[in-house]
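Novice: To be precise about what I am sending: the file is called my_file20.txt and holds compact mmCIF, C-alpha atoms and all ligand atoms.
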# COMPACT_ATOMS: atom_id res chain seq x y z
CA MET H 63 -28.68 -9.94 -5.41
CA PHE H 64 -29.17 -6.16 -5.22
CA LEU H 65 -31.95 -4.23 -6.95
CA GLU H 66 -31.08 -1.82 -9.76
CA ASP H 67 -32.38 1.11 -7.66
CA ASP H 68 -30.07 0.17 -4.80
CA LYS H 69 -27.13 0.18 -7.21
CA ILE H 70 -28.16 3.59 -8.56
CA PHE H 71 -28.27 5.11 -5.06
CA MET H 72 -24.93 3.56 -4.12
CA ALA H 73 -23.39 4.74 -7.40
CA ARG H 74 -24.53 8.25 -6.46
CA ALA H 75 -22.91 7.89 -3.02
CA LEU H 76 -19.65 6.74 -4.68
CA LYS H 77 -19.75 9.76 -6.98
CA LEU H 78 -20.17 12.08 -4.02
CA ALA H 79 -17.34 10.39 -2.12
CA VAL H 80 -14.83 11.19 -4.90
CA ARG H 81 -15.31 14.90 -4.26
CA GLY H 82 -13.30 14.48 -1.08
CA ARG H 83 -10.20 13.26 -2.94
CA GLY H 84 -7.19 15.38 -2.13
CA HIS H 85 -8.87 16.84 0.97
CA VAL H 86 -9.60 14.02 3.44
CA SER H 87 -6.35 12.09 3.58
CA PRO H 88 -5.30 10.19 5.64
CA ASN H 89 -9.00 9.53 6.15
CA PRO H 90 -10.91 7.47 3.57
CA LEU H 91 -13.32 8.79 0.92
CA VAL H 92 -16.94 8.30 2.00
CA GLY H 93 -20.27 9.24 0.45
CA CYS H 94 -23.79 8.81 1.83
CA VAL H 95 -27.26 9.04 0.29
CA LEU H 96 -30.48 8.94 2.36
CA VAL H 97 -33.58 7.61 0.62
CA LYS H 98 -37.20 7.66 1.80
CA ASN H 99 -40.18 6.38 -0.17
CA GLY H 100 -37.96 5.89 -3.22
CA SER H 101 -36.61 9.48 -3.30
CA ILE H 102 -33.32 10.97 -2.14
CA ILE H 103 -33.91 13.16 0.92
CA GLY H 104 -30.32 13.88 1.88
CA GLU H 105 -26.75 13.55 0.58
CA GLY H 106 -23.30 14.08 1.99
CA TYR H 107 -19.64 13.18 1.69
CA HIS H 108 -16.56 13.46 3.82
CA GLU H 109 -15.29 16.84 2.66
CA ASN H 110 -12.11 17.46 4.60
CA PHE H 111 -9.82 15.89 7.16
CA GLY H 112 -11.23 16.36 10.65
CA GLY H 113 -14.57 17.55 9.22
CA SER H 114 -18.00 15.92 9.50
CA HIS H 115 -18.40 12.38 8.26
CA ALA H 116 -20.58 11.71 5.19
CA GLU H 117 -23.53 10.38 7.21
CA ILE H 118 -23.67 13.46 9.46
CA THR H 119 -23.55 15.82 6.47
CA ALA H 120 -26.35 13.83 4.80
CA PHE H 121 -28.52 14.17 7.92
CA ARG H 122 -27.73 17.89 8.06
CA ASN H 123 -28.72 18.30 4.40
CA SER H 124 -31.82 16.18 4.74
CA SER H 125 -35.03 17.75 3.40
CA LYS H 126 -37.25 15.36 5.40
CA ASP H 127 -37.14 13.55 8.74
CA PRO H 128 -34.68 10.65 8.17
CA LYS H 129 -36.71 8.36 10.46
CA ASP H 130 -37.40 5.06 8.63
CA SER H 131 -35.14 6.06 5.74
CA THR H 132 -32.56 3.86 3.98
CA ALA H 133 -28.91 4.96 4.02
CA TYR H 134 -26.48 4.07 1.20
CA ILE H 135 -22.94 4.45 2.53
CA THR H 136 -19.78 3.70 0.55
CA LEU H 137 -17.76 2.66 3.63
CA GLU H 138 -18.89 0.93 6.80
CA PRO H 139 -19.94 3.55 9.37
CA CYS H 140 -17.41 4.08 12.16
CA CYS H 141 -18.25 2.78 15.61
CA VAL H 142 -15.39 4.49 17.45
CA ALA H 143 -15.14 8.13 18.44
CA GLY H 144 -12.27 9.83 16.63
CA LYS H 145 -12.24 13.50 15.71
CA THR H 146 -16.05 13.18 15.49
CA PRO H 147 -18.57 10.96 17.38
CA PRO H 148 -19.31 7.46 15.96
CA CYS H 149 -21.62 7.45 12.93
CA THR H 150 -23.31 4.20 14.01
CA LYS H 151 -24.77 6.14 16.95
CA ALA H 152 -26.08 8.90 14.68
CA LEU H 153 -27.76 6.34 12.36
CA MET H 154 -29.50 4.71 15.34
CA GLU H 155 -30.55 8.02 16.92
CA ARG H 156 -32.06 9.28 13.65
CA GLY H 157 -34.14 6.11 13.29
CA VAL H 158 -32.64 4.88 10.00
CA ARG H 159 -34.35 1.59 9.16
CA GLU H 160 -32.02 0.01 6.60
CA VAL H 161 -28.36 0.51 5.68
CA TYR H 162 -26.54 -0.51 2.48
CA ILE H 163 -22.73 -0.59 2.82
CA ALA H 164 -20.45 -0.92 -0.21
CA MET H 165 -17.34 -2.08 1.66
CA LEU H 166 -16.38 -2.86 5.23
CA ASP H 167 -13.86 -0.51 6.80
CA PRO H 168 -10.38 -2.10 6.49
CA ASN H 169 -9.38 -0.21 9.65
CA PRO H 170 -8.92 -3.07 12.16
CA LEU H 171 -10.59 -0.91 14.84
CA VAL H 172 -13.83 -0.85 12.86
CA ASN H 173 -13.77 -3.81 10.41
CA GLY H 174 -17.19 -5.47 10.76
CA ARG H 175 -17.90 -3.91 14.15
CA GLY H 176 -19.77 -0.91 12.76
CA ALA H 177 -22.09 -3.18 10.74
CA GLY H 178 -22.49 -5.51 13.74
CA GLU H 179 -23.49 -2.66 16.02
CA LEU H 180 -26.18 -1.51 13.57
CA LYS H 181 -27.58 -5.05 13.29
CA ARG H 182 -27.73 -5.42 17.05
CA ALA H 183 -29.73 -2.17 17.16
CA GLY H 184 -32.31 -3.75 14.83
CA ILE H 185 -31.23 -1.96 11.65
CA ILE H 186 -31.33 -4.09 8.47
CA VAL H 187 -27.80 -4.11 7.07
CA HIS H 188 -26.66 -5.18 3.57
CA THR H 189 -22.98 -5.24 2.68
CA GLY H 190 -21.09 -5.66 -0.59
CA ILE H 191 -23.13 -3.56 -3.01
CA LEU H 192 -20.76 -2.06 -5.65
CA GLN H 193 -17.97 -3.32 -3.42
CA GLU H 194 -15.34 -3.48 -6.19
CA GLU H 195 -15.90 0.16 -7.14
CA ALA H 196 -15.72 1.23 -3.48
CA GLU H 197 -12.52 -0.76 -2.89
CA ASP H 198 -10.93 0.77 -5.95
CA GLN H 199 -11.85 4.24 -4.76
CA ASN H 200 -10.24 3.69 -1.36
CA LYS H 201 -7.29 1.49 -2.39
CA ALA H 202 -4.73 3.97 -1.05
CA PHE H 203 -6.44 4.25 2.32
CA SER H 204 -6.88 0.46 2.53
CA LYS H 205 -3.19 -0.18 1.87
CA TRP H 206 -2.06 2.52 4.30
CA ILE H 207 -4.36 1.51 7.18
CA THR H 208 -3.45 -2.18 6.88
CA THR H 209 0.31 -1.94 6.11
CA GLY H 210 1.31 1.53 7.27
CA ARG H 211 2.67 2.27 3.77
CA PRO H 212 1.33 4.51 1.00
CA TRP H 213 -0.14 3.27 -2.27
CA VAL H 214 2.65 3.81 -4.81
CA SER H 215 1.92 4.99 -8.33
CA ALA H 216 4.68 5.58 -10.86
CA LYS H 217 4.46 7.97 -13.77
CA VAL H 218 6.75 7.55 -16.78
CA ALA H 219 6.84 9.38 -20.08
CA GLN H 220 8.52 7.38 -22.81
CA SER H 221 9.35 7.70 -26.49
CA ALA H 222 7.84 5.34 -29.07
CA ASN H 223 10.97 3.17 -28.74
CA GLY H 224 10.69 3.01 -24.92
CA TYR H 225 13.19 5.62 -23.70
CA MET H 226 12.37 8.00 -20.85
CA GLY H 227 15.32 10.32 -21.42
CA ILE H 228 18.69 10.69 -23.11
CA ASP H 229 20.95 10.47 -20.05
CA SER H 230 21.11 11.55 -16.41
CA GLN H 231 22.42 15.01 -17.23
CA THR H 232 20.02 15.97 -20.03
CA SER H 233 16.57 17.41 -19.59
CA ILE H 234 14.12 16.83 -22.42
CA TRP H 235 10.35 17.09 -22.61
CA LEU H 236 8.70 14.14 -24.32
CA THR H 237 4.91 14.41 -24.03
CA GLY H 238 2.32 16.87 -25.36
CA GLU H 239 -0.04 19.31 -23.64
CA ALA H 240 -2.88 16.80 -23.06
CA SER H 241 -0.52 14.45 -21.20
CA LYS H 242 0.84 17.31 -19.10
CA LYS H 243 -2.69 18.25 -18.07
CA HIS H 244 -3.41 14.63 -17.23
CA VAL H 245 -0.34 14.44 -14.98
CA HIS H 246 -1.35 17.65 -13.20
CA GLN H 247 -4.81 16.16 -12.62
CA LEU H 248 -3.14 13.05 -11.23
CA ARG H 249 -1.11 15.23 -8.84
CA THR H 250 -4.32 16.64 -7.34
CA GLN H 251 -5.29 13.10 -6.31
CA VAL H 252 -2.18 12.07 -4.37
CA ASP H 253 -0.78 13.07 -1.00
CA ALA H 254 2.80 13.36 -2.25
CA ILE H 255 5.04 13.31 -5.34
CA MET H 256 8.58 11.98 -5.22
CA VAL H 257 11.54 12.48 -7.58
CA GLY H 258 15.17 11.38 -7.51
CA ARG H 259 18.06 13.73 -6.89
CA ASN H 260 19.19 13.89 -10.54
CA THR H 261 15.71 14.76 -11.77
CA ALA H 262 15.46 17.55 -9.20
CA LEU H 263 18.82 18.89 -10.32
CA VAL H 264 18.56 18.47 -14.10
CA ASP H 265 14.88 19.29 -14.64
CA ASN H 266 14.44 21.68 -11.67
CA PRO H 267 10.71 20.75 -11.56
CA LYS H 268 8.11 22.62 -9.50
CA LEU H 269 5.94 19.51 -9.01
CA THR H 270 2.90 21.70 -8.40
CA VAL H 271 -0.61 21.64 -9.87
CA ARG H 272 -0.82 24.34 -12.54
CA LYS H 273 -2.78 22.80 -15.42
CA ALA H 274 -5.65 21.42 -13.35
CA VAL H 275 -7.78 22.55 -10.42
CA GLY H 276 -6.74 21.15 -7.06
CA ARG H 277 -4.34 21.53 -4.19
CA ASN H 278 -0.60 20.90 -4.38
CA PRO H 279 0.59 17.62 -2.88
CA LYS H 280 3.74 17.43 -0.75
CA ARG H 281 7.00 17.18 -2.71
CA ILE H 282 9.67 14.65 -1.82
CA VAL H 283 13.20 14.30 -3.13
CA THR H 284 15.75 11.56 -2.43
CA ASP H 285 19.06 13.34 -1.76
CA THR H 286 21.23 10.83 0.14
CA HIS H 287 24.15 13.15 0.84
CA CYS H 288 22.23 16.44 1.07
CA THR H 289 24.11 17.94 -1.85
CA LEU H 290 21.23 19.47 -3.84
CA PRO H 291 21.50 23.24 -4.16
CA LEU H 292 18.79 24.96 -2.13
CA THR H 293 18.23 27.35 -5.02
CA LEU H 294 15.98 24.78 -6.79
CA HIS H 295 12.25 25.57 -7.21
CA LEU H 296 11.38 22.79 -4.76
CA PHE H 297 13.12 24.61 -1.95
CA GLN H 298 12.47 28.19 -2.95
CA ASP H 299 8.97 28.72 -4.32
CA GLY H 300 7.04 27.98 -1.12
CA GLU H 301 4.17 26.56 -3.22
CA ALA H 302 4.04 23.28 -1.27
CA GLU H 303 5.86 21.53 1.55
CA THR H 304 9.07 19.77 0.44
CA ILE H 305 10.58 16.78 2.23
CA ILE H 306 14.23 15.92 1.62
CA LEU H 307 14.97 12.26 2.30
CA CYS H 308 18.62 11.77 3.20
CA SER H 309 20.95 9.21 4.73
CA GLU H 310 20.82 8.86 8.51
CA GLN H 311 24.54 9.79 8.46
CA LYS H 312 23.87 13.08 6.66
CA PHE H 313 20.74 14.05 8.55
CA LYS H 314 20.51 17.75 9.39
CA GLN H 315 18.17 18.91 12.11
CA ASN H 316 17.12 21.65 9.76
CA GLN H 317 13.63 22.76 8.96
CA THR H 318 12.22 25.90 7.39
CA ALA H 319 8.62 26.85 6.68
CA PHE H 320 8.85 25.07 3.29
CA TYR H 321 11.16 22.09 3.63
CA LYS H 322 12.39 19.57 6.12
CA TYR H 323 14.85 16.68 6.20
CA ILE H 324 13.89 13.13 7.16
CA PRO H 325 16.59 10.49 7.80
CA ILE H 326 16.36 7.16 5.95
CA LYS H 327 18.38 3.94 6.30
CA GLU H 328 20.86 3.24 3.50
CA GLU H 329 20.75 -0.01 1.54
CA ASN H 330 23.22 -0.87 -1.24
CA GLY H 331 24.29 2.77 -1.50
CA TYR H 332 20.72 4.02 -1.93
CA LEU H 333 18.07 5.15 0.51
CA SER H 334 16.08 2.02 1.36
CA PRO H 335 12.77 2.00 -0.60
CA GLU H 336 11.18 -0.03 2.17
CA HIS H 337 12.21 2.44 4.87
CA ILE H 338 11.15 5.37 2.67
CA LEU H 339 7.60 3.98 2.44
CA GLN H 340 7.47 3.19 6.15
CA VAL H 341 8.54 6.73 7.06
CA LEU H 342 6.18 8.37 4.58
CA GLY H 343 3.33 6.25 5.95
CA GLU H 344 4.18 7.53 9.43
CA GLU H 345 3.96 11.06 8.00
CA GLY H 346 0.32 10.30 7.09
CA ILE H 347 1.03 9.97 3.37
CA THR H 348 -1.41 7.38 2.01
CA SER H 349 -0.67 7.83 -1.71
CA LEU H 350 2.65 8.55 -3.41
CA LEU H 351 3.32 9.36 -7.07
CA ILE H 352 6.89 8.68 -8.21
CA GLU H 353 7.66 10.95 -11.16
CA GLY H 354 11.14 9.64 -11.96
CA GLY H 355 13.84 9.49 -12.88
CA TYR H 356 15.28 6.25 -14.15
CA GLU H 357 17.29 5.22 -11.06
CA LEU H 358 14.51 5.94 -8.58
CA LEU H 359 11.89 4.09 -10.60
CA SER H 360 14.30 1.19 -11.13
CA SER H 361 15.06 0.77 -7.44
CA PHE H 362 11.37 0.83 -6.46
CA LYS H 363 10.54 -1.61 -9.26
CA ARG H 364 13.37 -3.95 -8.15
CA ALA H 365 12.02 -3.81 -4.59
CA ASP H 366 8.56 -4.72 -5.95
CA MET H 367 7.11 -1.60 -4.37
CA ILE H 368 5.16 -0.04 -7.21
CA ASP H 369 1.42 -0.74 -7.09
CA GLU H 370 0.31 1.10 -10.21
CA VAL H 371 1.87 2.71 -13.29
CA TYR H 372 0.92 5.49 -15.67
CA VAL H 373 2.92 5.11 -18.89
CA TYR H 374 2.61 8.00 -21.37
CA THR H 375 4.01 7.08 -24.80
CA THR H 376 4.75 9.66 -27.48
CA PRO H 377 4.71 8.94 -31.24
CA GLU H 378 8.34 10.12 -31.67
CA THR H 379 11.36 7.90 -31.19
CA LEU H 380 14.42 9.00 -29.24
CA GLU H 381 17.76 8.19 -30.88
CA ASN H 382 21.08 7.67 -29.05
CA ALA H 383 19.27 7.55 -25.71
CA GLU H 384 20.49 5.69 -22.59
CA LEU H 385 17.54 5.81 -20.19
CA LYS H 386 15.30 2.88 -21.13
CA ASN H 387 12.01 3.02 -19.27
CA PRO H 388 12.47 0.41 -16.49
CA ILE H 389 8.71 -0.21 -16.27
CA GLN H 390 7.64 -1.90 -19.48
CA ILE H 391 4.05 -3.15 -19.56
CA SER H 392 4.25 -6.94 -19.28
CA SER H 393 2.23 -9.78 -17.75
CA TYR H 394 3.44 -8.48 -14.35
CA TRP H 395 0.87 -5.72 -14.84
CA GLU H 396 -2.88 -5.80 -15.33
CA ILE H 397 -4.00 -3.05 -17.69
CA ARG H 398 -6.82 -1.02 -16.14
CA LYS H 399 -7.23 1.72 -18.71
CA GLU H 400 -5.90 2.91 -22.08
CA GLN H 401 -6.60 6.25 -23.67
CA ALA H 402 -5.34 8.69 -26.28
CA LEU H 403 -4.08 12.03 -24.99
CA GLY H 404 -3.58 14.21 -28.06
CA SER H 405 -1.00 12.33 -30.07
CA ASP H 406 0.26 10.48 -26.94
CA HIS H 407 -1.05 7.17 -25.62
CA LEU H 408 -1.62 6.44 -21.92
CA ILE H 409 -1.70 3.02 -20.28
CA VAL H 410 -2.71 2.70 -16.63
CA ALA H 411 -1.88 -0.67 -15.10
CA GLU H 412 -1.83 -2.24 -11.65
CA LYS H 413 0.48 -4.87 -10.26
CA ARG H 414 -1.22 -8.19 -10.91
CA LYS H 415 -2.50 -9.84 -7.76
CA VAL H 416 -0.79 -13.19 -7.31
CA GLU H 417 -3.33 -15.98 -7.12
CA CYS H 418 -2.27 -19.34 -5.83
CA LEU H 419 -3.64 -21.91 -8.25
CA GLN H 420 -2.06 -24.83 -6.46
CA GLU H 421 -4.64 -27.24 -5.08
CA LEU H 422 -4.47 -27.75 -1.36
N1 LIG T 501 10.51 10.52 -18.92
C1 LIG T 501 10.19 10.68 -17.66
O1 LIG T 501 9.07 10.37 -17.25
C2 LIG T 501 11.19 11.28 -16.72
C3 LIG T 501 10.78 11.67 -15.44
C4 LIG T 501 11.71 12.20 -14.57
C5 LIG T 501 13.03 12.33 -14.97
N2 LIG T 501 13.40 11.97 -16.21
C6 LIG T 501 14.81 12.09 -16.63
O2 LIG T 501 15.57 11.16 -15.87
C7 LIG T 501 16.91 11.64 -15.73
C8 LIG T 501 17.30 11.57 -14.29
O3 LIG T 501 17.17 10.22 -13.86
P1 LIG T 501 18.33 9.47 -13.11
O4 LIG T 501 18.08 8.03 -13.25
O5 LIG T 501 19.64 9.98 -13.59
O6 LIG T 501 18.20 9.95 -11.61
P2 LIG T 501 17.00 10.03 -10.57
O7 LIG T 501 16.28 8.75 -10.53
O8 LIG T 501 16.22 11.28 -10.77
O9 LIG T 501 17.81 10.23 -9.22
C9 LIG T 501 18.61 9.18 -8.80
C10 LIG T 501 19.41 9.61 -7.59
O10 LIG T 501 18.58 9.71 -6.45
C11 LIG T 501 19.31 9.33 -5.30
N3 LIG T 501 18.64 8.21 -4.62
C12 LIG T 501 18.53 8.07 -3.29
N4 LIG T 501 17.87 6.98 -2.97
C13 LIG T 501 17.53 6.39 -4.10
C14 LIG T 501 16.85 5.18 -4.39
N5 LIG T 501 16.33 4.40 -3.43
N6 LIG T 501 16.74 4.83 -5.66
C15 LIG T 501 17.24 5.58 -6.66
N7 LIG T 501 17.89 6.74 -6.45
C16 LIG T 501 18.04 7.13 -5.17
C17 LIG T 501 20.69 8.90 -5.79
O11 LIG T 501 21.53 10.06 -5.72
P3 LIG T 501 22.34 10.39 -4.37
O12 LIG T 501 23.11 9.16 -4.03
O13 LIG T 501 23.16 11.56 -4.71
O14 LIG T 501 21.31 10.71 -3.38
C18 LIG T 501 20.46 8.58 -7.23
O15 LIG T 501 21.61 8.73 -8.00
C19 LIG T 501 16.90 13.05 -16.28
O16 LIG T 501 17.40 12.99 -17.59
C20 LIG T 501 15.44 13.41 -16.30
O17 LIG T 501 15.16 14.39 -17.29
C21 LIG T 501 12.52 11.43 -17.10
Translate the structure described by the file into structure tokens.
Ligand SMILES: NC(=O)c1ccc[n+]([C@@H]2O[C@H](COP(=O)([O-])OP(=O)(O)OC[C@H]3O[C@@H](n4cnc5c(N)ncnc54)[C@H](OP(=O)(O)O)[C@@H]3O)[C@@H](O)[C@H]2O)c1
Specialist:
Amino acid sequence: MFLEDDKIFMARALKLAVRGRGHVSPNPLVGCVLVKNGSIIGEGYHENFGGSHAEITAFRNSSKDPKDSTAYITLEPCCVAGKTPPCTKALMERGVREVYIAMLDPNPLVNGRGAGELKRAGIIVHTGILQEEAEDQNKAFSKWITTGRPWVSAKVAQSANGYMGIDSQTSIWLTGEASKKHVHQLRTQVDAIMVGRNTALVDNPKLTVRKAVGRNPKRIVTDTHCTLPLTLHLFQDGEAETIILCSEQKFKQNQTAFYKYIPIKEENGYLSPEHILQVLGEEGITSLLIEGGYELLSSFKRADMIDEVYVYTTPETLENAELKNPIQISSYWEIRKEQALGSDHLIVAEKRKVECLQEL
């Protein structure tokens, strides 16, 4: 349906879009390539939140007049003025002749309207080229804009016999250096990381990016009764903002430059996973990485609120351990990627989409 050249130009736009990861949230990733007479004349991507949109940057970088050019854009151009004027208007004003769009904007304010506006202006519009790749790239944004909740990834390190730790009071390191680097890289791609109270206390993690290049995400800890000592790295190092989720009954109107409390409804003695995601979505967090421990992962798994898992398995077994990894790869998950990381093995899997096979 699409020519190989069109796919090559869109693939380039998708590659550019990724450069915005970690900088544009809660906006989507967008890349744009302008082509005239078979050659690229301009490129751009959405670089940071509130900054120019990909199309505008591509026009600015253009080496030739974009009149009669073809634009390859990974996400439908916006037709509403937000922090910047609508991109549909810019495409019309610059005389772009044809537009290829990988995916429509899931934002209900735009969805289909941007493409419609271009068509009404006489621009030839094609949609759906490399759509799957574009949707995968913006899955966090799509979930957040349509449900108000972040995309939830869970990271678990487990021994060869499936244990993620000895017990709640013991801190042990399971994985090797390559896995650690991989996790730090993963951190650069999410808006926030969350851990349970026991993990914060026992491991005293920093949850910052140190073994990869990128900015630190927000750090979140579930501390129902506000009993964690404020001497922990999370509250002291000032390396990233920390959010303490606590029971509505224990809420303290207390905020410093580095941490703040947010009240959450209680459910069965825990902070409600559903309310946690709703509140984090309202905070503009589109992607959340849960880094343990056992209880926190278990409660989110029970509530069916984990979209994607990263399971790092080491070659060593752990004897006399109590904390069995609650997220075992089963038919519930669709494996997206497997790779060796030093002597460890990583599986990345997504929650399988339920398809109704029943005939109507
Ligand atoms: N292998 C790995 O990947 C990995 C990763 C991280 C940690 N760990 C290990 O895991 C162990 C700690 O895990 P853990 O299971 O004892 O504790 P955890 O999951 O870190 O923390 C659980 C605590 O968080 C609070 N909480 C509030 N809302 C919650 C909710 N919705 N769901 C679950 N907990 C909620 C509760 O304490 P309050 O009621 O006091 O608020 C709960 O007891 C340590 O040994 C650590 O080293 C392993």
Novice: If you count all atoms listed in the file, which residues end up within 6 Å of ligand LIG 501 (chain T), as a PDB file with C-alpha atoms, in the coordinates of the input?
Specialist:
ATOM      1  CA  VAL H 218       6.750   7.550 -16.780  1.00  0.00           C
ATOM      2  CA  ALA H 219       6.840   9.380 -20.080  1.00  0.00           C
ATOM      3  CA  GLN H 220       8.520   7.380 -22.810  1.00  0.00           C
ATOM      4  CA  MET H 226      12.370   8.000 -20.850  1.00  0.00           C
ATOM      5  CA  GLY H 227      15.320  10.320 -21.420  1.00  0.00           C
ATOM      6  CA  ASP H 229      20.950  10.470 -20.050  1.00  0.00           C
ATOM      7  CA  SER H 230      21.110  11.550 -16.410  1.00  0.00           C
ATOM      8  CA  GLN H 231      22.420  15.010 -17.230  1.00  0.00           C
ATOM      9  CA  THR H 232      20.020  15.970 -20.030  1.00  0.00           C
ATOM     10  CA  SER H 233      16.570  17.410 -19.590  1.00  0.00           C
ATOM     11  CA  ILE H 234      14.120  16.830 -22.420  1.00  0.00           C
ATOM     12  CA  VAL H 257      11.540  12.480  -7.580  1.00  0.00           C
ATOM     13  CA  GLY H 258      15.170  11.380  -7.510  1.00  0.00           C
ATOM     14  CA  ARG H 259      18.060  13.730  -6.890  1.00  0.00           C
ATOM     15  CA  ASN H 260      19.190  13.890 -10.540  1.00  0.00           C
ATOM     16  CA  THR H 261      15.710  14.760 -11.770  1.00  0.00           C
ATOM     17  CA  ASP H 265      14.880  19.290 -14.640  1.00  0.00           C
ATOM     18  CA  THR H 284      15.750  11.560  -2.430  1.00  0.00           C
ATOM     19  CA  ASP H 285      19.060  13.340  -1.760  1.00  0.00           C
ATOM     20  CA  THR H 286      21.230  10.830   0.140  1.00  0.00           C
ATOM     21  CA  HIS H 287      24.150  13.150   0.840  1.00  0.00           C
ATOM     22  CA  TYR H 332      20.720   4.020  -1.930  1.00  0.00           C
ATOM     23  CA  LEU H 333      18.070   5.150   0.510  1.00  0.00           C
ATOM     24  CA  SER H 334      16.080   2.020   1.360  1.00  0.00           C
ATOM     25  CA  PRO H 335      12.770   2.000  -0.600  1.00  0.00           C
ATOM     26  CA  GLU H 353       7.660  10.950 -11.160  1.00  0.00           C
ATOM     27  CA  GLY H 354      11.140   9.640 -11.960  1.00  0.00           C
ATOM     28  CA  GLY H 355      13.840   9.490 -12.880  1.00  0.00           C
ATOM     29  CA  TYR H 356      15.280   6.250 -14.150  1.00  0.00           C
ATOM     30  CA  GLU H 357      17.290   5.220 -11.060  1.00  0.00           C
ATOM     31  CA  LEU H 358      14.510   5.940  -8.580  1.00  0.00           C
ATOM     32  CA  SER H 361      15.060   0.770  -7.440  1.00  0.00           C
TER      33      SER H 361
END
Novice: Give me, as a list in words, all polymer residues having an atom no more than 12 Å from range 317-323 of chain H, counting all atoms listed in the file and skipping those fewer than 5 positions away in the same chain.
Specialist: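 Close residues of range 317-323 of chain H: Lys280, Arg281, Ile282, Val283, Thr284, Asp285, Thr286, His287, Cys288, Leu292, Leu294, His295, Leu296, Phe297, Gln298, Asp299, Gly300, Glu301, Ala302, Glu303, Thr304, Ile305, Ile306, Leu307, Cys308, Ser309, Glu310, Lys312 and Val341 of chain H.
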Novice: If you measure from CA of Gly106 in chain H to CA of Lys201 in chain H, what distance in Å do you get, rounded to one decimal?
Specialist: 20.8 Å
Novice: Quick one: everything within 9 Å of Glu412 in chain H, counting all atoms listed in the file, minus sequence neighbours fewer than 3 positions away in the same chain. Send it as a PyMOL selection string.
Specialist: chain H and resi 215+368-371+394-398+415
Novice: Using all atoms listed in the file, collect all residues at a distance of at most 10 Å from (-28.3, -0.1, -4.2) as written in the file, then present them as a list of chain:residue names.
Specialist: H:Met63, H:Phe64, H:Leu65, H:Glu66, H:Asp67, H:Asp68, H:Lys69, H:Ile70, H:Phe71, H:Met72, H:Ala73, H:Arg74, H:Ala75, H:Ala133, H:Tyr134, H:Ile135, H:Val161, H:Tyr162, H:Ile163, H:Ala164, H:His188, H:Gly190, H:Ile191, H:Leu192
Novice: Which one is closest to Pro291 in chain H: H:Ser114, H:Lys273, H:Val95, H:Ala262? Count only C-alpha atoms.
Specialist: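 Result for the nearest residue to Pro291 in chain H: H:Ala262.
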Novice: Would you work out the distance separating CA of Arg211 in chain H from CA of Gly343 in chain H, expressed in Å to one decimal?
Specialist: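 CA of Gly343 in chain H lies at a distance of 4.6 Å from CA of Arg211 in chain H.
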Novice: Extract, using all atoms listed in the file, all DNA, RNA and protein residues at most 8 Å from range 240-250 of chain H, discarding same-chain residues fewer than 2 positions from it, and format them as a list in words.
Specialist: Gly84, Thr237, Gly238, Val252, Ala254, Ile255, Thr270, Val271, Arg272, Lys273, Ala274, Val275, Gly276, Arg277, Asn278, Pro279, Leu351, Tyr374, Leu403, Gly404 and Asp406 of chain H
Novice: Could you give me, as a ChimeraX atom specification, the residues that have an atom at most 10 Å away from the point (-28.8, -1.7, 10.8) in the coordinates of the file, using all atoms listed in the file?
Specialist: /H:132-133,150,153-154,157-162,176-188
Novice: Print the selection's residues with C-alpha atoms to a file, as a CSV table (one decimal), keeping the file's coordinate frame.
Specialist:
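Saved the output as again-v7.csv:
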chain,number,residue,atom,x,y,z
H,132,THR,CA,-32.6,3.9,4.0
H,133,ALA,CA,-28.9,5.0,4.0
H,150,THR,CA,-23.3,4.2,14.0
H,153,LEU,CA,-27.8,6.3,12.4
H,154,MET,CA,-29.5,4.7,15.3
H,157,GLY,CA,-34.1,6.1,13.3
H,158,VAL,CA,-32.6,4.9,10.0
H,159,ARG,CA,-34.4,1.6,9.2
H,160,GLU,CA,-32.0,0.0,6.6
H,161,VAL,CA,-28.4,0.5,5.7
H,162,TYR,CA,-26.5,-0.5,2.5
H,176,GLY,CA,-19.8,-0.9,12.8
H,177,ALA,CA,-22.1,-3.2,10.7
H,178,GLY,CA,-22.5,-5.5,13.7
H,179,GLU,CA,-23.5,-2.7,16.0
H,180,LEU,CA,-26.2,-1.5,13.6
H,181,LYS,CA,-27.6,-5.0,13.3
H,182,ARG,CA,-27.7,-5.4,17.0
H,183,ALA,CA,-29.7,-2.2,17.2
H,184,GLY,CA,-32.3,-3.8,14.8
H,185,ILE,CA,-31.2,-2.0,11.6
H,186,ILE,CA,-31.3,-4.1,8.5
H,187,VAL,CA,-27.8,-4.1,7.1
H,188,HIS,CA,-26.7,-5.2,3.6
Novice: To one decimal in Å, tell me the separation between CA of Val373 in chain H and CA of Ile409 in chain H.
Specialist: 5.3 Å
